[in-house]
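**Q** What follows is input.txt, made up of compact mmCIF, C-alpha atoms:
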# COMPACT_ATOMS: atom_id res chain seq x y z
CA MET A 167 130.52 58.10 189.09
CA ARG A 168 127.66 60.45 188.23
CA LYS A 169 129.78 62.39 185.75
CA ALA A 170 130.83 59.23 183.96
CA LEU A 171 127.33 57.81 183.72
CA ILE A 172 125.80 60.23 181.23
CA PRO A 173 128.58 59.88 178.61
CA LEU A 174 128.33 56.13 179.01
CA LEU A 175 124.58 56.16 178.43
CA LEU A 176 124.93 58.42 175.44
CA SER A 177 127.62 56.25 173.92
CA CYS A 178 125.29 53.26 174.25
CA SER A 179 122.41 55.09 172.62
CA LEU A 180 121.19 53.49 169.46
CA TYR A 181 121.33 56.81 167.63
CA CYS A 182 124.52 58.16 169.24
CA THR A 183 123.90 61.91 168.81
CA ALA A 184 122.96 63.77 172.00
CA GLN A 185 119.36 62.93 172.79
CA THR A 186 118.31 64.09 176.18
CA TYR A 187 115.39 65.79 177.80
CA ALA A 188 117.46 69.00 177.72
CA ASP A 189 117.54 69.08 173.93
CA HIS A 190 114.01 67.66 173.54
CA PHE A 191 115.39 64.36 172.20
CA THR A 192 115.93 66.13 168.87
CA ARG A 193 117.19 64.25 165.83
CA PRO A 194 117.89 65.25 162.21
CA LEU A 195 114.85 64.54 160.03
CA SER A 196 116.93 62.71 157.42
CA ASP A 197 118.28 60.29 160.06
CA VAL A 198 114.97 59.45 161.62
CA MET A 199 113.28 59.04 158.24
CA ARG A 200 115.92 56.50 157.21
CA ASP A 201 115.08 54.59 160.37
CA VAL A 202 111.39 54.76 159.47
CA GLU A 203 112.12 53.32 156.01
CA ARG A 204 113.94 50.37 157.57
CA ARG A 205 111.42 49.82 160.35
CA PHE A 206 108.34 49.77 158.08
CA ASP A 207 110.04 48.51 154.91
CA ILE A 208 108.89 51.50 152.83
CA ARG A 209 110.44 53.96 150.43
CA LEU A 210 110.11 57.71 150.86
CA LYS A 211 110.20 60.37 148.14
CA TYR A 212 110.55 64.09 148.84
CA ASP A 213 109.32 67.38 147.43
CA MET A 214 111.96 69.29 149.36
CA ASP A 215 115.55 69.30 150.60
CA THR A 216 115.62 68.00 154.19
CA THR A 217 119.24 69.01 154.91
CA GLY A 218 119.52 70.68 158.30
CA LEU A 219 115.94 70.00 159.36
CA LYS A 220 115.44 68.56 162.84
CA VAL A 221 112.50 67.07 164.70
CA PRO A 222 112.05 67.35 168.49
CA TYR A 223 111.03 64.20 170.37
CA ALA A 224 111.58 62.33 167.11
CA ASP A 225 111.65 58.77 168.40
CA PHE A 226 108.70 59.37 170.67
CA ARG A 227 106.63 60.27 167.60
CA ILE A 228 107.05 56.79 166.13
CA ARG A 229 104.01 54.52 166.32
CA PRO A 230 105.21 50.95 165.69
CA TYR A 231 101.71 49.89 164.64
CA SER A 232 101.11 52.58 161.98
CA VAL A 233 103.39 54.03 159.32
CA GLU A 234 100.82 56.71 158.51
CA GLU A 235 100.56 57.96 162.09
CA THR A 236 104.35 57.81 162.41
CA LEU A 237 104.92 59.93 159.31
CA THR A 238 102.21 62.39 160.30
CA ASN A 239 103.67 62.81 163.79
CA LEU A 240 107.21 63.32 162.47
CA LEU A 241 106.31 65.74 159.69
CA SER A 242 103.63 67.90 161.30
CA PRO A 243 106.11 70.13 163.25
CA LEU A 244 107.67 71.05 159.90
CA ASP A 245 104.31 71.63 158.17
CA PHE A 246 104.99 68.71 155.82
CA LYS A 247 102.59 65.86 155.16
CA PRO A 248 102.88 62.24 154.00
CA VAL A 249 100.98 61.24 150.85
CA TYR A 250 100.50 57.58 150.04
CA GLN A 251 101.57 56.85 146.44
CA GLN A 252 101.45 53.12 145.96
CA LYS A 253 102.42 49.93 147.79
CA ASN A 254 105.32 50.69 150.18
CA VAL A 255 105.90 54.15 148.66
CA TRP A 256 105.07 57.44 150.38
CA LYS A 257 105.86 61.00 149.32
CA VAL A 258 106.78 63.78 151.73
CA LYS A 259 105.15 67.00 150.49
CA TYR A 260 104.62 70.55 151.62
CA TYR A 261 101.27 71.06 153.34
CA GLU A 262 98.60 71.86 150.77
CA TYR A 263 95.46 73.38 152.21
CA PRO A 264 93.22 72.23 149.31
CA ARG A 265 94.33 68.60 149.56
CA ARG A 266 93.28 66.14 152.21
CA GLN A 267 92.83 62.37 152.48
CA PRO A 268 89.70 60.28 151.82
CA ALA A 269 89.18 59.84 155.57
CA ASP A 270 89.04 63.63 155.93
CA GLY A 271 86.39 63.79 153.23
CA GLU A 272 84.32 61.16 155.00
CA LYS A 273 84.48 63.10 158.26
CA LEU A 274 83.58 66.36 156.52
CA ILE A 275 80.61 64.81 154.72
CA THR A 276 79.40 63.36 158.03
CA TYR A 277 79.68 66.80 159.62
CA LEU A 278 77.92 68.58 156.75
CA THR A 279 75.15 65.98 156.73
CA SER A 280 74.50 66.74 160.40
CA LEU A 281 73.75 70.38 159.57
CA TYR A 282 70.48 69.78 157.71
CA ASP A 283 67.74 67.19 157.95
CA ASN A 284 65.19 68.61 155.54
CA LYS A 285 64.69 70.87 152.55
CA ALA A 286 64.14 74.06 154.57
CA GLN A 287 67.32 73.60 156.59
CA TRP A 288 69.28 72.74 153.48
CA GLU A 289 68.03 75.77 151.52
CA ALA A 290 69.00 78.09 154.35
CA ARG A 291 72.50 76.58 154.23
CA ARG A 292 72.53 76.73 150.42
CA ASP A 293 71.66 80.43 150.37
CA THR A 294 74.43 81.16 152.89
CA LEU A 295 76.97 79.26 150.80
CA ARG A 296 76.06 81.04 147.57
CA LYS A 297 76.22 84.45 149.22
CA GLU A 298 79.53 83.85 150.98
CA VAL A 299 81.22 82.19 148.00
CA ALA A 300 80.40 85.23 145.86
CA GLU A 301 81.66 87.57 148.58
CA ARG A 302 84.89 85.63 149.13
CA LEU A 303 85.56 85.69 145.40
CA GLY A 304 84.75 89.39 145.17
CA ILE A 305 82.92 88.62 141.94
CA LEU A 306 79.93 90.95 142.26
CA PRO A 307 81.83 94.26 141.99
CA LEU A 308 83.54 92.92 138.87
CA ARG A 309 80.22 91.85 137.37
CA ARG A 310 78.96 95.39 137.72
CA LYS A 311 81.93 96.56 135.61
CA CYS A 312 81.03 94.14 132.81
CA VAL A 313 81.85 95.46 129.33
CA MET A 314 79.76 94.23 126.40
CA GLU A 315 81.37 96.28 123.64
CA LYS A 316 84.46 95.74 121.47
CA ASN A 317 83.73 92.07 120.87
CA GLU A 318 85.33 90.54 117.79
CA PHE A 319 84.44 87.36 115.89
CA SER A 320 86.22 85.55 113.09
CA ALA A 321 84.58 84.05 110.04
CA THR A 322 83.10 80.61 110.67
CA ARG A 323 84.91 77.48 109.51
CA PRO A 324 82.42 74.84 108.32
CA TYR A 325 83.07 71.15 108.92
CA ASP A 326 81.06 67.93 108.83
CA GLY A 327 77.89 68.84 110.72
CA TYR A 328 79.32 71.72 112.74
CA SER A 329 81.20 75.00 112.47
CA VAL A 330 83.87 76.76 114.52
CA GLN A 331 84.18 80.50 115.09
CA ASN A 332 86.86 82.23 117.15
CA PHE A 333 86.19 85.24 119.34
CA ARG A 334 87.90 87.88 121.43
CA LEU A 335 85.70 89.56 124.03
CA SER A 336 86.53 92.69 125.97
CA THR A 337 86.09 92.19 129.70
CA ILE A 338 87.33 94.58 132.41
CA ASP A 339 90.29 96.87 132.95
CA GLY A 340 91.47 96.47 129.36
CA HIS A 341 91.53 92.67 129.47
CA SER A 342 90.00 90.26 127.01
CA ILE A 343 89.08 86.59 126.79
CA CYS A 344 89.56 84.46 123.69
CA GLY A 345 87.93 81.20 122.73
CA SER A 346 85.91 79.37 120.10
CA ILE A 347 82.23 78.68 119.48
CA TYR A 348 81.31 75.23 118.17
CA ALA A 349 77.83 75.30 116.66
CA PRO A 350 75.56 73.00 114.65
CA ILE A 351 76.19 73.63 110.97
CA ALA A 352 72.53 74.56 110.44
CA MET A 353 72.89 77.50 112.81
CA LYS A 354 74.94 79.53 110.30
CA TRP A 355 76.57 81.97 112.66
CA LYS A 356 77.29 85.32 111.08
CA LYS A 357 80.59 87.12 111.45
CA SER A 358 78.74 89.79 113.42
CA PHE A 359 77.68 87.02 115.82
CA PHE A 360 74.07 88.17 116.08
CA PRO A 361 72.11 86.95 113.01
CA ARG A 362 69.97 89.52 111.28
CA GLU A 363 67.21 87.04 110.63
CA HIS A 364 65.80 84.84 113.34
CA GLU A 365 66.18 81.21 112.34
CA LYS A 366 63.66 78.57 113.30
CA GLY A 367 64.34 76.51 116.36
CA LYS A 368 66.51 77.14 119.38
CA TYR A 369 69.76 75.52 120.42
CA PRO A 370 70.98 74.46 123.85
CA LEU A 371 74.14 76.11 125.14
CA ILE A 372 77.05 74.42 126.95
CA ILE A 373 79.70 76.59 128.58
CA CYS A 374 82.96 74.60 128.65
CA PRO A 375 85.56 75.87 131.15
CA ASN A 376 88.93 74.22 130.60
CA GLY A 377 91.11 72.23 132.95
CA HIS A 378 94.86 71.77 132.99
CA PHE A 379 95.03 69.22 130.22
CA ASN A 380 97.94 69.38 127.81
CA GLN A 381 97.53 72.29 125.33
CA GLY A 382 94.54 73.73 127.16
CA ARG A 383 91.50 74.34 124.97
CA TYR A 384 93.51 73.28 121.90
CA ASN A 385 93.72 69.71 123.27
CA ALA A 386 92.52 67.14 120.70
CA ASP A 387 90.31 65.24 123.17
CA LEU A 388 88.57 68.44 124.15
CA GLN A 389 88.06 69.49 120.54
CA LYS A 390 86.39 66.13 119.91
CA ARG A 391 83.98 66.82 122.76
CA TYR A 392 83.02 70.33 121.66
CA ALA A 393 82.59 69.36 118.02
CA THR A 394 80.65 66.16 118.70
CA LEU A 395 78.22 67.96 121.00
CA ALA A 396 77.81 70.61 118.28
CA ARG A 397 77.18 67.93 115.65
CA MET A 398 74.42 66.57 117.89
CA GLY A 399 72.78 69.99 118.17
CA ALA A 400 74.34 72.01 121.01
CA VAL A 401 76.34 75.22 120.96
CA CYS A 402 79.59 74.80 122.93
CA VAL A 403 81.86 77.63 123.99
CA SER A 404 85.50 76.91 124.88
CA TYR A 405 87.73 79.62 126.28
CA ASP A 406 91.24 80.06 127.63
CA LEU A 407 92.29 79.61 131.21
CA TRP A 408 93.62 82.83 132.71
CA GLY A 409 97.31 82.93 131.79
CA TRP A 410 97.04 80.13 129.20
CA GLY A 411 96.76 80.37 125.41
CA GLU A 412 96.03 83.87 124.21
CA SER A 413 95.50 84.98 127.80
CA GLU A 414 99.14 84.10 128.44
CA ASP A 415 100.11 86.52 125.66
CA GLU A 416 98.20 89.24 127.50
CA VAL A 417 98.95 88.66 131.20
CA GLY A 418 101.83 86.15 131.22
CA ALA A 419 101.98 82.52 132.32
CA GLU A 420 102.66 83.33 135.96
CA ALA A 421 99.27 85.05 136.21
CA HIS A 422 97.70 81.61 136.21
CA HIS A 423 99.38 80.80 139.51
CA THR A 424 97.73 83.65 141.37
CA SER A 425 94.47 84.18 143.24
CA GLU A 426 93.51 86.55 140.43
CA ALA A 427 93.12 83.51 138.17
CA HIS A 428 90.42 82.08 140.44
CA VAL A 429 88.39 85.26 140.18
CA MET A 430 88.97 86.03 136.51
CA GLN A 431 88.14 82.53 135.28
CA VAL A 432 84.78 82.74 137.04
CA TYR A 433 84.25 86.25 135.70
CA ASN A 434 85.08 85.13 132.15
CA GLY A 435 82.71 82.17 132.31
CA LEU A 436 79.84 84.36 133.50
CA HIS A 437 80.68 87.08 130.98
CA ILE A 438 80.51 84.57 128.12
CA LEU A 439 77.20 83.28 129.49
CA ASP A 440 75.80 86.84 129.50
CA LEU A 441 76.78 87.35 125.88
CA MET A 442 75.61 83.98 124.59
CA LEU A 443 72.18 84.31 126.20
CA GLN A 444 71.64 87.48 124.16
CA HIS A 445 71.61 85.40 120.98
CA LYS A 446 68.07 84.77 119.75
CA ASP A 447 68.73 81.16 118.87
CA ILE A 448 70.01 80.09 122.29
CA ASP A 449 67.41 78.36 124.43
CA PRO A 450 67.61 79.83 127.97
CA GLN A 451 65.88 76.73 129.33
CA ARG A 452 68.74 74.49 128.20
CA VAL A 453 71.99 75.97 129.51
CA GLY A 454 74.71 73.56 130.59
CA VAL A 455 78.19 73.75 132.05
CA ASN A 456 80.70 70.96 131.52
CA GLY A 457 84.42 70.71 132.15
CA GLY A 458 87.04 68.25 133.36
CA SER A 459 89.63 68.46 136.14
CA GLY A 460 90.05 72.18 136.93
CA GLY A 461 87.30 72.77 134.38
CA GLY A 462 85.07 70.54 136.47
CA THR A 463 85.86 72.61 139.55
CA GLN A 464 84.93 75.69 137.56
CA SER A 465 81.73 74.00 136.38
CA VAL A 466 80.60 73.47 139.96
CA LEU A 467 81.56 77.01 140.93
CA LEU A 468 79.76 78.61 137.97
CA ALA A 469 76.66 76.52 138.68
CA THR A 470 76.80 77.60 142.35
CA LEU A 471 76.95 81.29 141.46
CA ASP A 472 74.50 81.56 138.55
CA ASP A 473 71.02 80.09 138.58
CA ARG A 474 70.70 80.38 134.79
CA PHE A 475 72.55 77.09 134.38
CA THR A 476 69.99 74.31 134.06
CA VAL A 477 72.30 71.25 133.91
CA CYS A 478 75.80 70.63 135.26
CA CYS A 479 78.34 67.93 134.42
CA PRO A 480 81.66 68.03 136.33
CA VAL A 481 84.22 65.45 135.16
CA VAL A 482 87.09 63.97 137.24
CA SER A 483 86.98 66.85 139.69
CA MET A 484 84.21 66.99 142.29
CA SER A 485 85.45 65.77 145.66
CA SER A 486 84.93 66.23 149.39
CA TRP A 487 88.65 65.98 150.14
CA PHE A 488 90.31 67.94 147.33
CA ASP A 489 89.42 71.50 146.42
CA GLY A 490 91.72 71.80 143.41
CA GLY A 491 95.47 72.22 143.78
CA CYS A 492 95.89 75.21 141.45
CA PRO A 493 95.28 78.82 142.54
CA CYS A 494 92.78 79.09 139.69
CA GLU A 495 90.62 76.62 141.68
CA SER A 496 91.51 77.44 145.26
CA GLY A 497 93.24 80.81 145.19
CA MET A 498 90.43 82.50 147.12
CA PRO A 499 89.16 81.00 150.39
CA ILE A 500 85.73 79.98 149.15
CA GLN A 501 85.89 76.66 151.05
CA LEU A 502 85.64 78.65 154.28
CA ALA A 503 82.12 79.75 153.32
CA GLY A 504 79.43 78.75 155.77
CA GLY A 505 82.01 77.88 158.40
CA GLY A 506 83.64 75.31 156.14
CA THR A 507 82.51 73.55 152.97
CA CYS A 508 83.85 71.53 150.02
CA ASN A 509 83.20 71.10 146.32
CA ALA A 510 80.75 68.27 146.97
CA GLU A 511 78.55 70.56 149.06
CA LEU A 512 78.86 73.34 146.48
CA ALA A 513 77.74 70.86 143.83
CA ALA A 514 74.73 70.04 145.99
CA THR A 515 73.55 73.66 145.74
CA PHE A 516 72.53 72.77 142.17
CA ALA A 517 69.73 70.46 143.40
CA PRO A 518 67.18 69.62 142.10
CA LYS A 519 68.40 70.41 138.56
CA PRO A 520 70.03 67.61 136.52
CA MET A 521 73.64 66.86 137.39
CA HIS A 522 75.91 64.08 136.18
CA VAL A 523 79.23 63.43 137.92
CA VAL A 524 81.98 61.52 136.09
CA SER A 525 84.65 59.94 138.29
CA ASP A 526 87.51 57.44 138.11
CA GLY A 527 89.62 55.24 140.33
CA GLY A 528 92.92 57.05 139.80
CA ASP A 529 92.42 60.46 141.42
CA TRP A 530 90.49 62.30 144.16
CA THR A 531 87.17 61.19 142.62
CA SER A 532 87.91 57.57 143.54
CA THR A 533 85.50 57.80 146.49
CA THR A 534 82.60 59.29 144.51
CA PRO A 535 80.39 56.15 144.36
CA VAL A 536 80.59 55.52 148.11
CA LEU A 537 80.94 59.02 149.53
CA GLU A 538 80.11 62.08 147.40
CA TYR A 539 77.40 60.54 145.22
CA PRO A 540 75.33 59.16 148.15
CA TYR A 541 75.68 62.58 149.76
CA LEU A 542 74.33 64.29 146.62
CA GLN A 543 71.48 61.79 146.45
CA ARG A 544 70.48 62.71 149.99
CA ILE A 545 70.27 66.41 149.10
CA TYR A 546 68.36 65.69 145.89
CA GLY A 547 66.10 63.50 148.01
CA PHE A 548 64.90 66.60 149.88
CA TYR A 549 63.22 67.53 146.57
CA GLY A 550 62.08 64.04 145.65
CA ALA A 551 64.55 64.26 142.76
CA THR A 552 67.16 61.56 143.32
CA ASP A 553 66.69 60.56 139.68
CA GLN A 554 68.08 63.94 138.64
CA VAL A 555 71.60 63.25 139.92
CA SER A 556 73.72 60.46 138.47
CA ASN A 557 77.26 59.15 138.41
CA THR A 558 79.45 57.36 135.88
CA HIS A 559 82.37 55.79 137.72
CA LEU A 560 85.33 54.30 135.84
CA PRO A 561 87.33 52.47 138.52
CA ASP A 562 90.10 51.27 136.21
CA GLU A 563 90.77 54.68 134.63
CA ARG A 564 92.89 57.62 135.71
CA HIS A 565 92.74 61.40 135.51
CA ASP A 566 91.97 62.42 131.92
CA PHE A 567 89.12 63.28 129.56
CA GLY A 568 89.34 60.04 127.59
CA PRO A 569 86.77 58.31 125.35
CA ASN A 570 84.72 56.69 128.13
CA LYS A 571 84.43 59.95 130.01
CA ARG A 572 83.37 61.76 126.84
CA GLN A 573 80.79 59.08 126.12
CA ALA A 574 79.28 59.64 129.57
CA VAL A 575 79.08 63.36 128.84
CA TYR A 576 77.44 62.78 125.45
CA GLN A 577 74.80 60.47 126.90
CA PHE A 578 73.98 62.93 129.67
CA PHE A 579 73.38 65.78 127.24
CA ILE A 580 71.46 63.53 124.85
CA ASN A 581 69.14 62.71 127.75
CA THR A 582 68.81 66.22 129.19
CA PHE A 583 68.93 68.37 126.05
CA GLY A 584 67.40 65.96 123.55
CA LEU A 585 70.48 66.00 121.32
CA ASP A 586 70.54 63.92 118.14
CA ALA A 587 72.35 60.71 119.11
CA SER A 588 72.60 59.65 115.47
CA GLN A 589 75.27 62.34 114.99
CA LEU A 590 77.50 60.95 117.74
CA ASP A 591 80.57 60.15 115.69
CA GLU A 592 83.95 61.50 116.80
CA SER A 593 85.58 60.30 113.57
CA LYS A 594 83.79 63.16 111.79
CA VAL A 595 85.63 65.77 113.87
CA THR A 596 88.45 67.80 112.32
CA ILE A 597 91.22 68.56 114.84
CA GLU A 598 92.45 72.11 114.31
CA ASP A 599 95.92 73.34 115.19
CA GLU A 600 96.55 76.04 117.76
CA ASN A 601 97.04 78.86 115.27
CA THR A 602 93.71 78.11 113.62
CA LEU A 603 91.92 78.23 116.97
CA ARG A 604 93.55 81.50 117.99
CA PHE A 605 91.75 84.72 117.19
CA THR A 606 95.14 86.14 116.28
CA PRO A 607 97.68 83.57 115.02
CA LYS A 608 100.52 82.97 117.46
CA ARG A 609 103.62 84.94 116.49
Reformat the file's structure so that it appears as structure tokens.

**A**
Amino acid sequence: MRKALIPLLLSCSLYCTAQTYADHFTRPLSDVMRDVERRFDIRLKYDMDTTGLKVPYADFRIRPYSVEETLTNLLSPLDFKPVYQQKNVWKVKYYEYPRRQPADGEKLITYLTSLYDNKAQWEARRDTLRKEVAERLGILPLRRKCVMEKNEFSATRPYDGYSVQNFRLSTIDGHSICGSIYAPIAMKWKKSFFPREHEKGKYPLIICPNGHFNQGRYNADLQKRYATLARMGAVCVSYDLWGWGESEDEVGAEAHHTSEAHVMQVYNGLHILDLMLQHKDIDPQRVGVNGGSGGGTQSVLLATLDDRFTVCCPVVSMSSWFDGGCPCESGMPIQLAGGGTCNAELAATFAPKPMHVVSDGGDWTSTTPVLEYPYLQRIYGFYGATDQVSNTHLPDERHDFGPNKRQAVYQFFINTFGLDASQLDESKVTIEDENTLRFTPKR
């Protein structure tokens, strides 16, 4: 009787395959996930092949009241995670340490807020973060190796109210960084870069690290931004991501997907800042940093590391629950500084200097108005400077550097740098092709 009972029970099991305490009630992942789809009326998409993968105690991990908890319980033994996509659609992805969920960001902001109640406590935390971020990047030894010779500049190309000049700068260990300088036409940059005669007036500087937008710094939307800011009176410097554009010719595309990219992009941004501040016509009291997506992450990081920046404008990037999914943003463990931090807290280290955050409803900046921005206002409040931090939120837009986002950037720099708003006209911008923007035409 006893021998016959177990086969009978197993044959009556809903899922048939041997599920007993002895084998930890294990089931194939693909089978149990099909059951989850039926139970919760959802559709699952996958980043990986699930063939042969099994989950112990599979059915005991199901929570009939929550699809999210069910998916999390089932996937966590395999180091996978569920990511909500849209109504009734979830994606199963590999665990990504830089990416969390909005609820995680809320918990982290609550925790960080508990660490400091006043300016003195905050500044002690701020100093720790700056020190540890620099150490975790390993940026200081590289800065000491900075090379300021063998810099090359093309002839300037004059356009309507602005000019463009390409450059190739020597950096370290035989490397170089290429980019373009967009300047007000009145500035009349010389081929030698440093003018022999000091011209009247000084110009604000905006360092423009690039994100992962199509075509990199050659992207038409980005060219419109650089040129329009130059037409209004600022000097903008755009430069390649590590392993993109002319940097790809030097180190290869795969170099971008390494931790080295995180370090070298910071190094290049600071190296360009060093060089530009040597120019007599740059105003050291008006030095901005502005980029979108990964360029926004870089903007926050550069502003954290170098006090010479006087204004900061990260676009569709700054978040408490996403650190940047590319190694060029999260390749080094800087978010472990101070026992654990995030890009929102790093942005707060800029207080009380002017900062404008541009966000949208279609990416990880969707929570900015209710989470990250109030947090920044609290930190700025320690200085009585809540009016120095602001936010443009575009709830119906997605992740790009489109016209409304550019307009927010223009208005911020008009207000902080006193740019000439009468010259705000993107239709006057000439979009150059990639070969024209390269220091050496692409072969």

**Q** From the set A:Tyr187, A:Trp408, A:Phe567, A:Tyr369, which residue has the shortest atom-to-atom contact distance to Asp526 of chain A, counting all atoms listed in the file?

**A**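 Closest to Asp526 of chain A of all the choices is A:Phe567.
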
**Q** If you count all atoms listed in the file, which residues fall within 6 Å of Leu219 of chain A, apart from same-chain ones fewer than 3 positions away, as an mmCIF file with C-alpha atoms, in the coordinates of the input?

**A**
data_model
loop_
_atom_site.group_PDB
_atom_site.id
_atom_site.type_symbol
_atom_site.label_atom_id
_atom_site.label_comp_id
_atom_site.auth_asym_id
_atom_site.auth_seq_id
_atom_site.Cartn_x
_atom_site.Cartn_y
_atom_site.Cartn_z
ATOM 1 C CA PRO A 194 117.890 65.250 162.210
ATOM 2 C CA LEU A 195 114.850 64.540 160.030
ATOM 3 C CA THR A 216 115.620 68.000 154.190
#

**Q** Using only C-alpha atoms, which of the listed residues (A:Met398, A:Leu467, A:Ile545, A:Ala386) sits closest to Ala286 of chain A?

**A** A:Ile545

**Q** Residues within 8 Å of segment 497-510 of chain A, please, as an MDAnalysis selection string. Count only C-alpha atoms; anything in the same chain fewer than 2 positions from it doesn't count.

**A** chainID A and resid 278 291 294:295 298:299 302:303 424:429 463 466 484:489 492:495 512:514 538 542

**Q** Interatomic distance between atom CA of Asp591 of chain A and atom CA of Ser532 of chain A?

**A**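 That distance, rounded to one decimal, is 28.9 Å.
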
**Q** Here is a test: counting only C-alpha atoms, which residue of A:Ser196, A:Asn557, A:Thr394, A:Thr552 is nearest to Tyr539 of chain A?

**A**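 With only C-alpha atoms as the atom set, the closest residue is A:Asn557.
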
**Q** Assuming 5 Å of padding per side, give the centre and edge lengths of the axis-aligned box around every listed atom of segment 568-583 of chain A, in Å to one decimal and as AutoDock Vina command-line options.

**A**
--center_x 79.1 --center_y 62.5 --center_z 127.4 --size_x 30.5 --size_y 21.7 --size_z 15.2

**Q** Using all atoms listed in the file, find the one residue out of A:Lys247, A:Arg229, A:Arg383, A:Lys571 that sits nearest to Ser525 of chain A.

**A**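 Going through A:Lys247, A:Arg229, A:Arg383, A:Lys571 one by one, the smallest distance to Ser525 of chain A is for A:Lys571.
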
**Q** Using only C-alpha atoms, which of the listed residues (A:Thr476, A:Thr606, A:Thr276, A:Thr515) sits closest to Cys344 of chain A?

**A**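 Selected residue with least distance to Cys344 of chain A: A:Thr606.
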
**Q** If I put a ball of radius 9 Å at (101.2, 68.7, 148.4) in the file's coordinates, which residues poke into it when counting all atoms listed in the file, written as a ChimeraX atom specification?

**A** /A:213,246-249,258-265,491

**Q** Please indicate the distance in Å from atom CA of Pro450 of chain A to atom CA of Val403 of chain A, rounded to one decimal place.

**A**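 Separation of atom CA of Pro450 of chain A and atom CA of Val403 of chain A: 15.0 Å.
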
**Q** Nearest to Thr186 of chain A: which of A:Glu318, A:Arg200, A:Asp225, A:Pro375 is it, counting all atoms listed in the file?

**A** A:Asp225

**Q** Can you list, as a PyMOL selection string, every protein, DNA or RNA residue that comes within 9 Å of Asn317 of chain A when you count only C-alpha atoms, leaving out same-chain residues fewer than 3 positions away?

**A** chain A and resi 314+333-336+342

**Q** What does the structure give for the distance between atom CA of Gly377 of chain A and atom CA of Ala469 of chain A, in Å to one decimal?

**A**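 Spanning atom CA of Gly377 of chain A to atom CA of Ala469 of chain A is a straight-line distance of 16.1 Å.
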
**Q** List as an MDAnalysis selection string the protein and nucleic acid residues near Gly550 of chain A, meaning an atom at most 12 Å away when only C-alpha atoms are counted, but skip any in the same chain fewer than 5 places from it.

**A** chainID A and resid 284:285 517:519 543:545 555

**Q** I'd like the contact shell of segment 581-586 of chain A - 12 Å cut-off, only C-alpha atoms, skipping same-chain residues fewer than 3 positions apart - returned as a PyMOL selection string.

**A** chain A and resi 327+350+368-372+394-401+449-454+476-479+519-522+554-556+574-578+589-591
